[in-house]
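Input: a single structure, listed below in structure tokens.
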Amino acid sequence: MLRRLFISFIFSWFFLSIHAQEATYFLHTVERGQTLYSLSQMYKISQESIIKLNPGSDKGIQTGTSLKIPQESGSYFYHTIQPKETLYSVSRQYQMKGEDIIAVNPGLSIETFSIGKIIRIPTNKVTTPIEGTNEAYNMSITNALLNADNQVNNINSLRVALLLPFGLKEGTTPKNAATNRMVEYYEGILLALEDIKKSGISVDLQVYDTGSEVNLLNGILQKTALQNVHLIIGGLSDKQIKLIASFASDKKIPYIIPFTSKSDEPLNNHYVYQINTPQSYLYSKASAAFCNQYKRSNIIFYIPKDDGNKTDFVETLQKDLKAKYMSYKVIGTSNDLLAEIQGVVSENANNVFIPADDRRETLLKLMTPLKGLLDAQPQLSVSMFGYPAWQTYATDYTDDFFRLDASFFSVFYANPTSPKVKSFNNLYQRWYSRELINIFPKYGMLGYDTGLYFIQSLQKYGTLFEINPNRLNYKGVQMDFYFEQVNNWGGFINTNIYWVEFNPNFTITSKSVN
């Protein structure tokens, strides 16, 4: 028996090695939001090895183009699904069972097994092809593995673990800003649990103080009570997130990263859900929404002499505009900004201005001449488009935002005129006898939205939740959710953003873009 296994292993290793030698690279079609860095992390290779096969890619990669990705040795061989291929034909090609392929591609389904998609093929195990002579039967049962089990398994009694660095065991004073944010987030989750109780859902919330490093966290993850929870929320530092993500993967527990947008864990961990949208996805989606909203406008970039702190977004937007054959102008080189503006505005189209900087002083430098322009030529149509930070200035410049038809994109937005936001603020104040911390985002609202969305989703859809985490039609106080799986073996990233607009009729509208 051992001899057969050894021979089978040698054969499998030789078979996959031959494939790797025949195809030293595979083609990856760049999707919106992907970067050279994220691809290197996804495929566990260096950026230099990608650049070597794709000269010029270090200067930027474009959505929809194909990149050669090297088939470097490791635990996986990557396969691009071809026309007419099925799970069965791929399993036969690599001499292994369909279950072996699905095991390393947890997100594989009828919908995701499609032409051009990439799947992993394991190379570090003894492969066992389907045996038997009934080809039609083997094909049928293998391809049927892609059909999701549509039976909903409701969970009416949920166990949730909240792992946050409150700092109480490290002697942190209550006045510490980071501690206050963590406390407010926890308080928001408690308010969500109150709403959840009203619908008859029982939740056992386990709360742990992780500290700022991983020393305490190691011990927490060994606790018996944590081994069979339904959901984990928390982690702040990169080290904490990696440790919790590894634990969640081993135990097959959904894990929510609530704060950072910079974690790499979703790229290779099927059980990770990242709330805060990574910058590349955020900029890419905001750019696409801009092109759709202002496709008939006179587009003008205001780039100060010091270039500004949002040149990455400006470059993304300008590339998308060029790809759609939409023209634009650039101002900001002279000391007379009003004269520059007068030289580029159009009387026959809406003039939309985009600064390459999100700072207050830059916004003021742009708004002042624009208001002067409208005073002199009130018939002109003028708009401004900007960034998430603008919501922190809105209270001071509300009238100017309305007059200049200002709009911006953001992952988080709490409309101060919304009855839902007013109701939450009043509820929080009644419960905790204080107002929410005046920062962006509001951590109490973030805890409330996260807790309500995920607990309701798990209770309602149970085991089907990870198959489609967007089933729940949830409209949040400060954020909505739209999760995209980054690949067939990785986790999920929330890519929903808000488009917020201050309308000339003195109303504020915010809509989700997903």
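FYI, nothing fancy with the structure tokens labels: chains A, B, ... in order, residues from 1 per chain, ligands from 1 as they appear.
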
### Query
When DSSP works through the backbone of this structure, what residues of range 313-393 of chain A end up as strand (DSSP E or B), shown as a PyMOL selection string?
chain A and resi 328-331+351-355+382-386

Write to file, as a CSV table (one decimal), in the first residue's frame, the residues of the selection just made, with N, CA and C atoms.
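Result file follows (again-v1.csv):
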chain,number,residue,atom,x,y,z
A,328,TYR,N,-10.1,66.5,-20.6
A,328,TYR,CA,-10.0,67.3,-19.3
A,328,TYR,C,-9.0,68.4,-19.5
A,329,LYS,N,-9.0,69.3,-18.5
A,329,LYS,CA,-8.1,70.4,-18.5
A,329,LYS,C,-7.4,70.5,-17.1
A,330,VAL,N,-6.2,71.1,-17.0
A,330,VAL,CA,-5.5,71.2,-15.8
A,330,VAL,C,-5.1,72.7,-15.5
A,331,ILE,N,-5.4,73.1,-14.2
A,331,ILE,CA,-5.1,74.5,-13.8
A,331,ILE,C,-4.3,74.4,-12.5
A,351,ASN,N,-19.3,72.7,-15.5
A,351,ASN,CA,-17.9,72.8,-15.2
A,351,ASN,C,-17.6,72.1,-13.9
A,352,VAL,N,-16.9,71.0,-13.9
A,352,VAL,CA,-16.7,70.3,-12.6
A,352,VAL,C,-15.2,70.4,-12.3
A,353,PHE,N,-14.9,70.8,-11.1
A,353,PHE,CA,-13.5,71.0,-10.7
A,353,PHE,C,-13.1,70.0,-9.6
A,354,ILE,N,-11.9,69.4,-9.8
A,354,ILE,CA,-11.4,68.3,-9.0
A,354,ILE,C,-10.0,68.8,-8.4
A,355,PRO,N,-9.9,69.1,-7.2
A,355,PRO,CA,-8.6,69.4,-6.6
A,355,PRO,C,-7.8,68.1,-6.4
A,382,VAL,N,-21.5,75.2,-12.3
A,382,VAL,CA,-20.3,74.9,-11.7
A,382,VAL,C,-20.5,73.8,-10.6
A,383,SER,N,-19.6,72.8,-10.6
A,383,SER,CA,-19.6,71.8,-9.6
A,383,SER,C,-18.2,71.5,-9.1
A,384,MET,N,-18.1,70.9,-7.8
A,384,MET,CA,-16.9,70.5,-7.3
A,384,MET,C,-17.0,69.0,-6.9
A,385,PHE,N,-15.9,68.3,-7.1
A,385,PHE,CA,-15.8,66.9,-6.7
A,385,PHE,C,-14.6,66.7,-5.9
A,386,GLY,N,-14.8,66.0,-4.7
A,386,GLY,CA,-13.7,65.8,-3.8
A,386,GLY,C,-13.7,64.5,-3.1

### Message
List the spatial neighbours of Ile497 in chain A as number ranges by chain - criterion: any atom at most 10 Å away, only C-alpha atoms, same-chain residues fewer than 2 positions off excluded.
### Response
A: 276-277, 281-283, 285-286, 289, 409-413, 479-482, 494-495, 499-500, 510-514

### Message
Counting only C-alpha atoms, which residue out of A:Val486, A:Leu164, A:Ile118, A:Val30 sits closest to Thr63 in chain A?
### Response
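Among the listed residues, the smallest separation from Thr63 in chain A belongs to A:Val30.
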
### Ala356 in chain A surroundings by only C-alpha atoms, 9 Å radius, close-in-sequence under 5 positions cut, as a ChimeraX atom specification
/A:301-304,307-314,362,386

For the selection just defined, write its residues with C-alpha atoms to a file, as an mmCIF file, in the first residue's frame.
data_model
loop_
_atom_site.group_PDB
_atom_site.id
_atom_site.type_symbol
_atom_site.label_atom_id
_atom_site.label_comp_id
_atom_site.auth_asym_id
_atom_site.auth_seq_id
_atom_site.Cartn_x
_atom_site.Cartn_y
_atom_site.Cartn_z
ATOM 1 C CA PHE A 301 -8.303 69.410 -12.414
ATOM 2 C CA TYR A 302 -6.907 71.893 -9.926
ATOM 3 C CA ILE A 303 -3.363 70.691 -9.194
ATOM 4 C CA PRO A 304 -1.516 73.017 -6.821
ATOM 5 C CA ASP A 307 1.052 68.529 -6.527
ATOM 6 C CA GLY A 308 -1.289 67.759 -3.604
ATOM 7 C CA ASN A 309 -1.829 64.659 -1.486
ATOM 8 C CA LYS A 310 -4.341 62.933 -3.771
ATOM 9 C CA THR A 311 -2.256 62.528 -6.912
ATOM 10 C CA ASP A 312 -2.871 58.747 -6.837
ATOM 11 C CA PHE A 313 -6.597 59.306 -7.268
ATOM 12 C CA VAL A 314 -6.054 62.003 -9.891
ATOM 13 C CA THR A 362 -6.722 73.711 -0.748
ATOM 14 C CA GLY A 386 -13.688 65.778 -3.832
#

### Secondary structure check, helix (DSSP H, G or I) residues of range 273-431 of chain A, as a ChimeraX atom specification
/A:279-293,311-323,337-344,360-376,388-392,398-403,419-431

### Shell of 12 Å around Arg471 in chain A, only C-alpha atoms, local chain residues under 5 positions omitted, as a ChimeraX atom specification
/A:453-454,456-458,460-462,464-466,481-483

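Reported to one decimal place, the separation of CA of Pro254 in chain A from CA of Phe440 in chain A is 26.4 Å.
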
### Message
Calculated over only C-alpha atoms, which of the candidates A:Asp238, A:Asp399, A:Glu213, A:Glu435 has the smallest distance to Asn503 in chain A?
### Response
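Residue with the minimum atom-to-atom distance to Asn503 in chain A: A:Asp399.
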
### Task
Using only C-alpha atoms, determine which residues lie at most 12 Å from Ala178 in chain A, disregarding the query and same-chain residues fewer than 6 positions distant; provide the list as a list in words.
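Final neighbour list, sorted by chain and number: Leu164, Pro165, Phe166, Gly167, Leu168, Thr172, Glu184, Tyr185, Gly211, Ser212, Leu236, Ile437, Ile439 and Tyr443 of chain A.
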
### Task
For Leu146 in chain A, work out the shell of residues within 10 Å, counting only C-alpha atoms and skipping chain neighbours fewer than 3 positions away, then give it as a list in words.
Thr86, Leu87, Gly98, Glu99, Ile102, Gly107, Leu108, Ser109, Ile110, Glu111, Thr112, Phe113, Ile141, Thr142, Asn143 and Asp149 of chain A

### Task
State, in Å with one decimal place, the distance from CA of Ser423 in chain A to CA of Ser202 in chain A.
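Going from CA of Ser423 in chain A over to CA of Ser202 in chain A covers 24.2 Å.
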
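Straight-line separation from CA of Asn298 in chain A to CA of Gly33 in chain A: 26.0 Å.
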